[in-house]
$ cat protein25.csv   # CSV, C-alpha atoms and all ligand atoms
chain,number,residue,atom,x,y,z
A,255,MET,CA,-34.2,-16.7,49.0
A,256,SER,CA,-35.3,-14.9,45.9
A,257,ILE,CA,-32.8,-12.9,43.9
A,258,THR,CA,-33.8,-10.1,41.6
A,259,LEU,CA,-31.4,-10.0,38.7
A,260,PRO,CA,-30.3,-6.7,37.2
A,261,ALA,CA,-30.4,-6.0,33.5
A,262,PHE,CA,-27.1,-7.3,32.2
A,263,THR,CA,-25.0,-6.1,29.4
A,264,PRO,CA,-24.1,-8.9,26.9
A,265,ALA,CA,-20.5,-9.1,28.4
A,266,GLU,CA,-22.0,-9.6,31.9
A,267,GLU,CA,-24.6,-12.0,30.6
A,268,SER,CA,-21.9,-14.3,29.3
A,269,LEU,CA,-21.3,-15.5,32.8
A,270,PHE,CA,-24.5,-17.6,32.5
A,271,LEU,CA,-23.0,-19.5,29.5
A,272,THR,CA,-20.1,-20.8,31.7
A,273,LEU,CA,-22.1,-21.1,34.9
A,274,GLY,CA,-24.8,-22.9,32.9
A,275,GLY,CA,-22.3,-25.2,31.3
A,276,ARG,CA,-20.8,-26.2,34.6
A,277,ALA,CA,-24.3,-26.6,36.2
A,278,LEU,CA,-25.5,-28.9,33.4
A,279,GLU,CA,-22.2,-30.8,33.5
A,280,SER,CA,-22.7,-31.5,37.2
A,281,ARG,CA,-26.0,-33.2,36.3
A,282,LEU,CA,-24.3,-35.8,34.1
A,283,PRO,CA,-24.0,-39.4,35.6
A,284,CYS,CA,-20.2,-39.2,35.4
A,285,PRO,CA,-19.2,-35.6,35.3
A,286,PHE,CA,-15.7,-34.4,34.5
A,287,LEU,CA,-15.8,-31.5,37.0
A,288,GLY,CA,-19.0,-32.1,39.1
A,289,ASP,CA,-19.5,-28.5,40.2
A,290,THR,CA,-22.8,-29.0,42.0
A,291,MET,CA,-22.5,-25.5,43.6
A,292,ALA,CA,-22.8,-24.1,40.1
A,293,ASP,CA,-26.1,-25.9,39.7
A,294,GLU,CA,-27.3,-24.6,43.1
A,295,ILE,CA,-26.4,-21.0,42.1
A,296,LEU,CA,-28.2,-21.4,38.8
A,297,THR,CA,-31.3,-22.7,40.5
A,298,LYS,CA,-31.2,-19.9,43.1
A,299,VAL,CA,-31.1,-17.2,40.4
A,300,GLY,CA,-33.7,-19.1,38.2
A,301,TYR,CA,-31.9,-18.0,35.0
A,302,ASP,CA,-33.4,-19.4,31.8
A,303,LEU,CA,-30.5,-20.9,29.7
A,304,ALA,CA,-32.6,-20.7,26.5
A,305,LYS,CA,-30.6,-17.7,25.6
A,306,PHE,CA,-27.6,-20.0,25.1
A,307,PRO,CA,-28.9,-22.7,22.6
A,308,ALA,CA,-25.4,-24.1,22.4
A,309,LEU,CA,-25.9,-25.6,25.9
A,310,ASN,CA,-29.1,-27.3,24.8
A,311,THR,CA,-28.6,-28.1,21.1
A,312,LYS,CA,-29.9,-31.6,20.1
A,313,LEU,CA,-27.2,-31.8,17.4
A,314,VAL,CA,-24.5,-32.7,20.0
A,315,ASP,CA,-24.7,-35.1,22.9
A,316,ARG,CA,-25.0,-33.8,26.5
A,317,LYS,CA,-21.4,-34.6,27.5
A,318,SER,CA,-19.8,-33.1,24.4
A,319,ARG,CA,-21.8,-29.9,24.7
A,320,VAL,CA,-20.3,-29.0,28.1
A,321,PHE,CA,-16.8,-30.7,27.7
A,322,ASP,CA,-14.8,-27.6,26.9
A,323,ILE,CA,-16.4,-25.4,29.6
A,324,ALA,CA,-16.0,-28.0,32.3
A,325,VAL,CA,-12.6,-29.4,31.4
A,326,ARG,CA,-11.0,-26.0,30.9
A,327,ALA,CA,-12.3,-25.0,34.3
A,328,LYS,CA,-10.8,-28.2,35.7
A,329,ARG,CA,-7.4,-27.4,34.1
A,330,LEU,CA,-7.4,-23.8,35.5
A,331,ASP,CA,-8.4,-25.2,39.0
A,332,GLU,CA,-5.4,-27.6,38.8
A,333,ILE,CA,-3.1,-24.7,38.0
A,334,VAL,CA,-4.3,-22.7,41.0
A,335,ARG,CA,-4.3,-25.7,43.3
A,336,ARG,CA,-0.7,-26.6,42.4
A,337,PHE,CA,0.4,-23.0,42.8
A,338,VAL,CA,-1.1,-22.5,46.3
A,339,VAL,CA,0.4,-25.8,47.5
A,340,HIS,CA,3.9,-24.4,46.7
A,341,HIS,CA,3.0,-20.8,47.8
A,342,PRO,CA,0.6,-21.0,50.8
A,343,ASP,CA,1.0,-17.2,51.2
A,344,ALA,CA,-0.2,-16.7,47.6
A,345,VAL,CA,-2.7,-14.2,46.3
A,346,VAL,CA,-5.2,-15.7,43.8
A,347,LEU,CA,-6.9,-13.5,41.3
A,348,ASP,CA,-9.9,-14.7,39.2
A,349,LEU,CA,-10.4,-12.1,36.5
A,350,GLY,CA,-14.0,-11.8,35.1
A,351,ALA,CA,-15.0,-14.4,37.8
A,352,GLY,CA,-18.7,-14.1,37.1
A,353,LEU,CA,-20.6,-16.4,39.5
A,354,ASP,CA,-17.9,-19.0,39.4
A,355,ASP,CA,-17.3,-20.9,42.7
A,356,ARG,CA,-13.7,-21.8,41.8
A,357,MET,CA,-12.5,-20.9,45.3
A,358,PHE,CA,-14.7,-23.7,46.7
A,359,ARG,CA,-13.5,-26.2,44.1
A,360,VAL,CA,-9.9,-25.4,44.8
A,361,ASP,CA,-10.3,-25.1,48.5
A,362,PRO,CA,-7.1,-23.2,49.2
A,363,PRO,CA,-5.6,-22.9,52.8
A,364,PRO,CA,-6.9,-19.9,54.8
A,365,THR,CA,-3.4,-18.2,54.4
A,366,VAL,CA,-4.3,-17.6,50.7
A,367,ASP,CA,-6.1,-14.4,49.8
A,368,TRP,CA,-8.5,-14.9,46.9
A,369,TYR,CA,-9.8,-12.0,44.8
A,370,ASP,CA,-12.7,-12.4,42.4
A,371,VAL,CA,-13.0,-9.4,40.0
A,372,ASP,CA,-15.9,-8.5,37.8
A,373,PHE,CA,-18.1,-5.6,36.9
A,374,PRO,CA,-20.0,-4.0,39.8
A,375,LYS,CA,-23.4,-5.6,38.9
A,376,VAL,CA,-21.9,-9.1,38.9
A,377,ALA,CA,-19.7,-8.5,42.0
A,378,ALA,CA,-22.7,-7.3,43.9
A,379,LEU,CA,-24.5,-10.7,43.3
A,380,ARG,CA,-21.6,-12.8,44.6
A,381,PRO,CA,-22.2,-12.3,48.3
A,382,GLN,CA,-25.9,-13.1,47.8
A,383,LEU,CA,-25.2,-16.4,46.1
A,384,LEU,CA,-21.8,-17.7,47.3
A,385,PRO,CA,-20.3,-18.3,50.8
A,386,GLN,CA,-17.9,-15.5,51.8
A,387,PRO,CA,-15.0,-16.8,53.9
A,388,THR,CA,-12.8,-14.1,55.4
A,389,ASN,CA,-10.0,-14.7,52.9
A,390,ALA,CA,-12.4,-14.2,49.9
A,391,HIS,CA,-12.6,-10.7,48.4
A,392,ASN,CA,-14.8,-9.3,45.7
A,393,ILE,CA,-13.5,-6.5,43.6
A,394,ALA,CA,-16.3,-4.6,41.7
A,395,SER,CA,-14.6,-3.0,38.8
A,396,ASP,CA,-14.1,-2.9,35.0
A,397,LEU,CA,-10.7,-4.6,34.5
A,398,ALA,CA,-9.8,-1.8,32.2
A,399,ASP,CA,-9.9,0.6,35.1
A,400,PRO,CA,-6.2,1.2,36.1
A,401,ASP,CA,-7.0,1.5,39.8
A,402,TRP,CA,-8.7,-1.8,40.7
A,403,LEU,CA,-5.5,-3.5,41.9
A,404,ASP,CA,-4.8,-0.7,44.5
A,405,ASP,CA,-6.0,-2.8,47.5
A,406,VAL,CA,-4.4,-6.1,46.4
A,407,PRO,CA,-1.1,-6.9,48.3
A,408,THR,CA,2.0,-6.3,46.2
A,409,ASP,CA,4.5,-8.4,48.1
A,410,ARG,CA,3.1,-11.9,47.6
A,411,PRO,CA,3.3,-14.4,44.8
A,412,ALA,CA,0.2,-14.5,42.6
A,413,VAL,CA,-1.7,-16.9,40.5
A,414,ILE,CA,-4.0,-15.2,38.1
A,415,VAL,CA,-6.7,-17.0,36.1
A,416,ALA,CA,-9.2,-15.7,33.5
A,417,ASP,CA,-11.8,-18.2,32.4
A,418,GLY,CA,-13.8,-17.0,29.4
A,419,LEU,CA,-12.7,-13.4,29.8
A,420,VAL,CA,-10.3,-12.4,27.1
A,421,ALA,CA,-12.8,-12.3,24.3
A,422,PHE,CA,-14.5,-9.3,26.0
A,423,LEU,CA,-11.4,-7.1,26.4
A,424,THR,CA,-10.0,-5.0,23.6
A,425,GLU,CA,-6.5,-6.0,22.7
A,426,ASP,CA,-5.2,-2.7,24.1
A,427,ASP,CA,-7.0,-3.2,27.4
A,428,PHE,CA,-5.8,-6.8,27.6
A,429,VAL,CA,-2.2,-5.9,27.0
A,430,SER,CA,-2.4,-3.0,29.6
A,431,LEU,CA,-4.0,-5.4,32.1
A,432,LEU,CA,-1.2,-7.9,31.6
A,433,SER,CA,1.4,-5.2,32.1
A,434,ARG,CA,-0.2,-3.9,35.3
A,435,LEU,CA,-0.6,-7.4,36.7
A,436,THR,CA,3.0,-8.4,36.1
A,437,ASN,CA,4.3,-5.1,37.5
A,438,HIS,CA,2.1,-5.4,40.6
A,439,PHE,CA,3.4,-8.8,41.9
A,440,PRO,CA,7.0,-9.9,42.6
A,441,SER,CA,6.3,-13.2,40.7
A,442,GLY,CA,3.6,-15.5,39.7
A,443,GLU,CA,1.6,-17.4,37.1
A,444,LEU,CA,-1.1,-16.3,34.7
A,445,ALA,CA,-3.4,-18.7,32.9
A,446,PHE,CA,-6.4,-18.3,30.6
A,447,ASN,CA,-8.2,-20.0,27.8
A,448,LEU,CA,-7.0,-19.0,24.3
A,449,TYR,CA,-9.3,-17.3,21.8
A,450,THR,CA,-7.8,-17.8,18.4
A,451,THR,CA,-8.8,-15.5,15.6
A,452,TYR,CA,-11.1,-18.3,14.3
A,453,ALA,CA,-12.6,-18.8,17.8
A,454,ILE,CA,-13.5,-15.1,17.9
A,455,TRP,CA,-15.0,-15.3,14.5
A,456,ALA,CA,-17.0,-18.4,15.5
A,457,VAL,CA,-18.4,-16.8,18.7
A,458,LYS,CA,-19.4,-13.7,16.7
A,459,HIS,CA,-21.2,-15.7,14.1
A,460,ALA,CA,-22.6,-18.8,15.8
A,461,PRO,CA,-26.4,-18.6,16.1
A,462,GLY,CA,-26.1,-20.2,19.6
A,463,MET,CA,-24.0,-17.2,20.8
A,464,ALA,CA,-26.2,-14.4,19.6
A,465,ALA,CA,-26.8,-13.2,23.2
A,466,ILE,CA,-23.2,-12.2,23.7
A,467,ALA,CA,-21.7,-11.9,20.2
A,468,GLY,CA,-21.9,-8.1,20.3
A,469,ALA,CA,-19.7,-7.9,23.4
A,470,VAL,CA,-16.8,-9.8,21.7
A,471,VAL,CA,-14.2,-7.1,21.0
A,472,ASN,CA,-10.9,-9.0,21.1
A,473,PRO,CA,-9.4,-10.0,17.8
A,474,GLY,CA,-7.9,-13.2,19.2
A,475,PHE,CA,-4.4,-14.4,18.6
A,476,ASN,CA,-3.0,-17.7,17.2
A,477,ASP,CA,0.6,-17.8,18.5
A,478,PRO,CA,0.8,-18.7,22.2
A,479,HIS,CA,4.1,-16.7,22.3
A,480,GLN,CA,2.3,-13.5,21.4
A,481,PRO,CA,1.8,-12.4,25.1
A,482,GLU,CA,5.6,-12.7,25.6
A,483,ARG,CA,6.1,-10.1,22.9
A,484,TRP,CA,3.5,-7.8,24.5
A,485,VAL,CA,4.9,-8.1,28.0
A,486,ARG,CA,8.5,-9.2,28.2
A,487,VAL,CA,8.5,-10.7,31.6
A,488,LEU,CA,5.8,-13.3,30.6
A,489,LYS,CA,7.2,-16.7,29.7
A,490,LEU,CA,5.0,-19.4,28.2
A,491,ALA,CA,5.2,-22.4,30.6
A,492,GLU,CA,2.6,-24.7,29.2
A,493,GLU,CA,0.1,-25.0,26.4
A,494,ILE,CA,-2.7,-27.4,27.4
A,495,PHE,CA,-4.7,-28.8,24.5
A,496,LEU,CA,-8.1,-30.2,25.5
A,497,THR,CA,-7.9,-32.4,22.4
A,498,ARG,CA,-5.2,-34.3,24.4
A,499,ALA,CA,-7.1,-34.3,27.7
A,500,PRO,CA,-7.5,-37.7,29.3
A,501,GLU,CA,-11.2,-36.8,29.7
A,502,VAL,CA,-11.6,-37.2,25.9
A,503,ALA,CA,-11.7,-41.0,26.4
A,504,GLU,CA,-15.1,-40.5,28.1
A,505,LEU,CA,-16.6,-38.8,25.0
A,506,PRO,CA,-18.8,-40.6,22.5
A,507,LEU,CA,-17.0,-42.2,19.5
A,508,ILE,CA,-17.4,-39.4,16.9
A,509,MET,CA,-16.2,-36.7,19.3
A,510,ARG,CA,-13.4,-39.0,20.5
A,511,LEU,CA,-12.2,-39.7,17.0
A,512,THR,CA,-12.4,-36.0,16.0
A,513,SER,CA,-10.3,-35.0,19.1
A,514,HIS,CA,-7.8,-37.8,18.5
A,515,LEU,CA,-7.3,-36.7,14.9
A,516,ALA,CA,-6.9,-33.0,15.8
A,517,ALA,CA,-4.6,-33.9,18.7
A,518,ARG,CA,-1.9,-34.9,16.2
A,519,SER,CA,-1.4,-31.3,15.3
A,520,ASP,CA,-0.9,-28.3,17.6
A,521,THR,CA,-2.4,-26.0,15.0
A,522,LEU,CA,-5.5,-28.2,14.6
A,523,SER,CA,-5.8,-28.6,18.3
A,524,ARG,CA,-5.8,-24.8,18.7
A,525,LEU,CA,-8.3,-24.4,15.9
A,526,ILE,CA,-11.0,-26.9,16.8
A,527,GLY,CA,-10.4,-27.4,20.5
A,528,THR,CA,-10.0,-25.4,23.6
A,529,THR,CA,-6.5,-24.5,24.7
A,530,VAL,CA,-5.4,-23.2,28.1
A,531,LEU,CA,-2.2,-21.1,28.2
A,532,ARG,CA,0.0,-20.9,31.3
A,533,TYR,CA,2.7,-18.3,31.7
A,534,ARG,CA,5.2,-17.5,34.4
A,535,PHE,CA,6.5,-14.1,35.4
B,601,LIG,C1,-17.8,-15.9,29.9
B,601,LIG,S1,-18.0,-15.1,31.5
B,601,LIG,C2,-16.9,-16.1,32.5
B,601,LIG,C3,-17.3,-16.0,33.9
B,601,LIG,C4,-16.5,-16.9,34.8
B,601,LIG,N1,-15.0,-16.7,34.6
B,601,LIG,C5,-16.9,-18.3,34.6
B,601,LIG,O1,-16.0,-19.1,34.2
B,601,LIG,O2,-18.0,-18.6,34.9
B,601,LIG,C6,-17.0,-13.6,31.3
B,601,LIG,C7,-17.0,-12.7,32.5
B,601,LIG,O3,-16.1,-11.6,32.3
B,601,LIG,C8,-16.6,-10.5,32.9
B,601,LIG,N2,-16.0,-9.3,32.2
B,601,LIG,C9,-16.0,-9.1,30.9
B,601,LIG,N3,-15.3,-7.9,30.6
B,601,LIG,C10,-14.9,-7.4,31.8
B,601,LIG,C11,-14.3,-6.3,32.2
B,601,LIG,N4,-13.8,-5.4,31.3
B,601,LIG,N5,-14.1,-6.0,33.6
B,601,LIG,C12,-14.6,-6.9,34.5
B,601,LIG,N6,-15.2,-8.1,34.1
B,601,LIG,C13,-15.4,-8.3,32.8
B,601,LIG,C14,-18.1,-10.6,32.6
B,601,LIG,O4,-18.9,-9.7,33.4
B,601,LIG,C15,-18.4,-12.1,32.8
B,601,LIG,O5,-18.7,-12.3,34.2
$ encode --input "protein25.csv" --output "structure tokens"
Amino acid sequence: MSITLPAFTPAEESLFLTLGGRALESRLPCPFLGDTMADEILTKVGYDLAKFPALNTKLVDRKSRVFDIAVRAKRLDEIVRRFVVHHPDAVVLDLGAGLDDRMFRVDPPPTVDWYDVDFPKVAALRPQLLPQPTNAHNIASDLADPDWLDDVPTDRPAVIVADGLVAFLTEDDFVSLLSRLTNHFPSGELAFNLYTTYAIWAVKHAPGMAAIAGAVVNPGFNDPHQPERWVRVLKLAEEIFLTRAPEVAELPLIMRLTSHLAARSDTLSRLIGTTVLRYRF
């Protein structure tokens, strides 16, 4: 099957950074995540990862290069898996899903309805590249559009994840989105990777990120309690520091030592590592 890719905006193109990271990670001898479907999708689209030098830099070993992308996806998968075990009638939303095959990694029961949301150009690619079980739904919309939730059930608990998305939303759009989501469902959980103000600065200035830097519009935030102030019903349930992840033990010595040092402080962990935030509402 040959796929003709559309011309992507930098925000849309960012999906290849995370997809590429998971694909390369699946090729490691002992992967953390082992997402071989990501590798199949990348091969089918024939995308050249040269636009993302961070994935191929010789300055960092192969495992460390993809650690954050793979392990944060794994933590988010675990959050969804745990939620659907307790709520087999749940609705799952993956916001800015790109070409992620999270649904197949999590493997929820058929009673769960799963919604992957992304811009129309990206959503149109998903049925060409990923299996489409009857409980999988693609929503083709800008998340800033106030109407995209209209067809999503309102009477079921929801688990909402956003992997690599927040950097591409303005703060106003992000806060409105949080508010619409928490008003739409009776209860649920929301989890995403944190972009600190430093992380935003780094993505905008790192030479390896030039392909997407222009699309980064969120200023970032450093206090994990900030979303509780924006949207009163959100309550921080967990802050997961990848500097403290068990998978760190599998990294080469220098990366391991750096992580162990940073892991002693929450502030340092947020600054140099990836953090996944989980909220209840
Ligand atoms: C870094 S990629 C992550 C993709 C996917 N979550 C993953 O982990 O592979 C960010 C994704 O967010 C999507 N995105 C960014 N801004 C968006 C918006 N306003 N509405 C819908 N999708 C958006 C992009 O199209 C892209 O697919």
$ closest_residue --input "protein25.csv" --among "A:Lys298, A:His514, A:Arg276, A:His341" --to "ligand LIG 601 (chain B)" --atoms "only C-alpha atoms and all ligand atoms"
A:Arg276
$ atom_distance --input "protein25.csv" --atom1 "CA of Val360 in chain A" --atom2 "CA of Asp417 in chain A"
14.5 Å
$ residues_around --input "protein25.csv" --residues "Asp348 in chain A" --least-positions-apart "3" --cutoff "7 Å" --atoms "only C-alpha atoms" --output "list in words"
Ala351, Tyr369, Asp370, Val371, Ile414, Val415 and Ala416 of chain A
$ closest_atom_pairs --input "protein25.csv" --of "range 438-485 of chain A" --to "range 318-323 of chain A" --cutoff "12 Å" --atoms "all atoms listed in the file" --output "JSON lines"
{"residue": "A:Asn447", "atom": "CA", "partner": "A:Ile323", "partner_atom": "CA", "distance": 10.0}
{"residue": "A:Leu448", "atom": "CA", "partner": "A:Asp322", "partner_atom": "CA", "distance": 11.9}
{"residue": "A:Gly462", "atom": "CA", "partner": "A:Arg319", "partner_atom": "CA", "distance": 11.8}
$ atom_distance --input "protein25.csv" --atom1 "CA of Glu482 in chain A" --atom2 "CA of Asp520 in chain A"
18.7 Å
$ residues_around --input "protein25.csv" --residues "Pro407 in chain A" --least-positions-apart "3" --cutoff "10 Å" --atoms "all atoms listed in the file" --output "PyMOL selection string"
chain A and resi 344-345+367+403-404+410-412+438-439
$ closest_residue --input "protein25.csv" --among "A:Arg329, A:Trp484, A:Ala465, A:Pro342" --to "Leu496 in chain A" --atoms "all atoms listed in the file"
A:Arg329
$ residues_around --input "protein25.csv" --residues "Ala421 in chain A" --least-positions-apart "2" --cutoff "6 Å" --atoms "only C-alpha atoms" --output "list in words"
Leu419, Leu423, Val470 and Asn472 of chain A
$ atom_distance --input "protein25.csv" --atom1 "atom C10 of ligand LIG 601 (chain B)" --atom2 "CA of Phe422 in chain A"
6.1 Å
$ closest_residue --input "protein25.csv" --among "A:Ala445, A:Ala456, A:Leu309, A:Ala467" --to "Leu488 in chain A" --atoms "all atoms listed in the file"
A:Ala445
$ closest_residue --input "protein25.csv" --among "A:Asp331, A:Glu267, A:Asp289, A:Glu493" --to "ligand LIG 601 (chain B)" --atoms "only C-alpha atoms and all ligand atoms"
A:Glu267
$ closest_residue --input "protein25.csv" --among "A:Val339, A:Val502, A:Leu490, A:Leu273" --to "ligand LIG 601 (chain B)" --atoms "all atoms listed in the file"
A:Leu273
$ residues_around --input "protein25.csv" --residues "Arg359 in chain A" --least-positions-apart "2" --cutoff "10 Å" --atoms "only C-alpha atoms" --output "compact mmCIF listing (two decimals) with C-alpha atoms, in the frame of the given file"
# COMPACT_ATOMS: atom_id res chain seq x y z
CA LEU A 287 -15.80 -31.50 37.00
CA GLY A 288 -19.00 -32.10 39.10
CA ASP A 289 -19.50 -28.50 40.20
CA THR A 290 -22.80 -29.00 42.00
CA MET A 291 -22.50 -25.50 43.60
CA ALA A 327 -12.30 -25.00 34.30
CA LYS A 328 -10.80 -28.20 35.70
CA ASP A 331 -8.40 -25.20 39.00
CA GLU A 332 -5.40 -27.60 38.80
CA ARG A 335 -4.30 -25.70 43.30
CA ASP A 354 -17.90 -19.00 39.40
CA ASP A 355 -17.30 -20.90 42.70
CA ARG A 356 -13.70 -21.80 41.80
CA MET A 357 -12.50 -20.90 45.30
CA ASP A 361 -10.30 -25.10 48.50
CA PRO A 362 -7.10 -23.20 49.20
$ residues_near_point --input "protein25.csv" --point "(-8.1, -5.9, 18.0)" --cutoff "10 Å" --atoms "only C-alpha atoms" --output "CSV table (one decimal) with C-alpha atoms, in the frame of the given file"
chain,number,residue,atom,x,y,z
A,423,LEU,CA,-11.4,-7.1,26.4
A,424,THR,CA,-10.0,-5.0,23.6
A,425,GLU,CA,-6.5,-6.0,22.7
A,426,ASP,CA,-5.2,-2.7,24.1
A,427,ASP,CA,-7.0,-3.2,27.4
A,428,PHE,CA,-5.8,-6.8,27.6
A,451,THR,CA,-8.8,-15.5,15.6
A,471,VAL,CA,-14.2,-7.1,21.0
A,472,ASN,CA,-10.9,-9.0,21.1
A,473,PRO,CA,-9.4,-10.0,17.8
A,474,GLY,CA,-7.9,-13.2,19.2
A,475,PHE,CA,-4.4,-14.4,18.6
$ build_atoms --input "protein25.csv" --residues "range 284-303 of chain A" --atoms "N, CA, C and O atoms" --output "PDB file, keeping the file's coordinate frame"
ATOM      1  N   CYS A 284     -21.639 -39.200  35.061  1.00  0.00           N
ATOM      2  CA  CYS A 284     -20.200 -39.200  35.400  1.00  0.00           C
ATOM      3  C   CYS A 284     -19.574 -37.920  34.993  1.00  0.00           C
ATOM      4  O   CYS A 284     -18.931 -37.859  33.932  1.00  0.00           O
ATOM      5  N   PRO A 285     -19.716 -36.856  35.770  1.00  0.00           N
ATOM      6  CA  PRO A 285     -19.200 -35.600  35.300  1.00  0.00           C
ATOM      7  C   PRO A 285     -17.672 -35.505  35.338  1.00  0.00           C
ATOM      8  O   PRO A 285     -17.030 -36.251  36.065  1.00  0.00           O
ATOM      9  N   PHE A 286     -17.113 -34.578  34.536  1.00  0.00           N
ATOM     10  CA  PHE A 286     -15.700 -34.400  34.500  1.00  0.00           C
ATOM     11  C   PHE A 286     -15.268 -33.467  35.704  1.00  0.00           C
ATOM     12  O   PHE A 286     -14.224 -33.605  36.307  1.00  0.00           O
ATOM     13  N   LEU A 287     -16.130 -32.492  35.989  1.00  0.00           N
ATOM     14  CA  LEU A 287     -15.800 -31.500  37.000  1.00  0.00           C
ATOM     15  C   LEU A 287     -16.731 -31.647  38.227  1.00  0.00           C
ATOM     16  O   LEU A 287     -16.287 -31.519  39.367  1.00  0.00           O
ATOM     17  N   GLY A 288     -18.012 -31.870  37.984  1.00  0.00           N
ATOM     18  CA  GLY A 288     -19.000 -32.100  39.100  1.00  0.00           C
ATOM     19  C   GLY A 288     -19.205 -30.931  39.976  1.00  0.00           C
ATOM     20  O   GLY A 288     -19.260 -31.076  41.199  1.00  0.00           O
ATOM     21  N   ASP A 289     -19.368 -29.753  39.374  1.00  0.00           N
ATOM     22  CA  ASP A 289     -19.500 -28.500  40.200  1.00  0.00           C
ATOM     23  C   ASP A 289     -20.996 -28.342  40.568  1.00  0.00           C
ATOM     24  O   ASP A 289     -21.743 -27.587  39.951  1.00  0.00           O
ATOM     25  N   THR A 290     -21.380 -29.041  41.622  1.00  0.00           N
ATOM     26  CA  THR A 290     -22.800 -29.000  42.000  1.00  0.00           C
ATOM     27  C   THR A 290     -23.169 -27.617  42.598  1.00  0.00           C
ATOM     28  O   THR A 290     -24.326 -27.230  42.565  1.00  0.00           O
ATOM     29  N   MET A 291     -22.162 -26.863  43.094  1.00  0.00           N
ATOM     30  CA  MET A 291     -22.500 -25.500  43.600  1.00  0.00           C
ATOM     31  C   MET A 291     -22.929 -24.618  42.430  1.00  0.00           C
ATOM     32  O   MET A 291     -23.801 -23.765  42.600  1.00  0.00           O
ATOM     33  N   ALA A 292     -22.365 -24.832  41.248  1.00  0.00           N
ATOM     34  CA  ALA A 292     -22.800 -24.100  40.100  1.00  0.00           C
ATOM     35  C   ALA A 292     -24.283 -24.313  39.820  1.00  0.00           C
ATOM     36  O   ALA A 292     -25.042 -23.390  39.506  1.00  0.00           O
ATOM     37  N   ASP A 293     -24.691 -25.561  39.968  1.00  0.00           N
ATOM     38  CA  ASP A 293     -26.100 -25.900  39.700  1.00  0.00           C
ATOM     39  C   ASP A 293     -26.986 -25.252  40.802  1.00  0.00           C
ATOM     40  O   ASP A 293     -28.075 -24.757  40.494  1.00  0.00           O
ATOM     41  N   GLU A 294     -26.509 -25.236  42.052  1.00  0.00           N
ATOM     42  CA  GLU A 294     -27.300 -24.600  43.100  1.00  0.00           C
ATOM     43  C   GLU A 294     -27.444 -23.096  42.827  1.00  0.00           C
ATOM     44  O   GLU A 294     -28.514 -22.524  43.003  1.00  0.00           O
ATOM     45  N   ILE A 295     -26.356 -22.455  42.387  1.00  0.00           N
ATOM     46  CA  ILE A 295     -26.400 -21.000  42.100  1.00  0.00           C
ATOM     47  C   ILE A 295     -27.391 -20.748  40.954  1.00  0.00           C
ATOM     48  O   ILE A 295     -28.233 -19.852  41.027  1.00  0.00           O
ATOM     49  N   LEU A 296     -27.286 -21.569  39.918  1.00  0.00           N
ATOM     50  CA  LEU A 296     -28.200 -21.400  38.800  1.00  0.00           C
ATOM     51  C   LEU A 296     -29.640 -21.550  39.197  1.00  0.00           C
ATOM     52  O   LEU A 296     -30.510 -20.781  38.774  1.00  0.00           O
ATOM     53  N   THR A 297     -29.904 -22.528  40.052  1.00  0.00           N
ATOM     54  CA  THR A 297     -31.300 -22.700  40.500  1.00  0.00           C
ATOM     55  C   THR A 297     -31.733 -21.544  41.362  1.00  0.00           C
ATOM     56  O   THR A 297     -32.859 -21.069  41.222  1.00  0.00           O
ATOM     57  N   LYS A 298     -30.845 -21.024  42.225  1.00  0.00           N
ATOM     58  CA  LYS A 298     -31.200 -19.900  43.100  1.00  0.00           C
ATOM     59  C   LYS A 298     -31.564 -18.655  42.232  1.00  0.00           C
ATOM     60  O   LYS A 298     -32.492 -17.931  42.556  1.00  0.00           O
ATOM     61  N   VAL A 299     -30.805 -18.413  41.159  1.00  0.00           N
ATOM     62  CA  VAL A 299     -31.100 -17.200  40.400  1.00  0.00           C
ATOM     63  C   VAL A 299     -32.231 -17.464  39.362  1.00  0.00           C
ATOM     64  O   VAL A 299     -32.803 -16.516  38.831  1.00  0.00           O
ATOM     65  N   GLY A 300     -32.544 -18.723  39.122  1.00  0.00           N
ATOM     66  CA  GLY A 300     -33.700 -19.100  38.200  1.00  0.00           C
ATOM     67  C   GLY A 300     -33.445 -18.551  36.816  1.00  0.00           C
ATOM     68  O   GLY A 300     -34.395 -18.130  36.154  1.00  0.00           O
ATOM     69  N   TYR A 301     -32.199 -18.566  36.350  1.00  0.00           N
ATOM     70  CA  TYR A 301     -31.900 -18.000  35.000  1.00  0.00           C
ATOM     71  C   TYR A 301     -32.294 -19.056  33.944  1.00  0.00           C
ATOM     72  O   TYR A 301     -32.025 -20.249  34.079  1.00  0.00           O
ATOM     73  N   ASP A 302     -32.915 -18.558  32.869  1.00  0.00           N
ATOM     74  CA  ASP A 302     -33.400 -19.400  31.800  1.00  0.00           C
ATOM     75  C   ASP A 302     -32.234 -19.558  30.740  1.00  0.00           C
ATOM     76  O   ASP A 302     -31.898 -18.577  30.077  1.00  0.00           O
ATOM     77  N   LEU A 303     -31.683 -20.752  30.600  1.00  0.00           N
ATOM     78  CA  LEU A 303     -30.500 -20.900  29.700  1.00  0.00           C
ATOM     79  C   LEU A 303     -30.912 -20.949  28.215  1.00  0.00           C
ATOM     80  O   LEU A 303     -30.036 -21.129  27.359  1.00  0.00           O
TER      81      LEU A 303
END
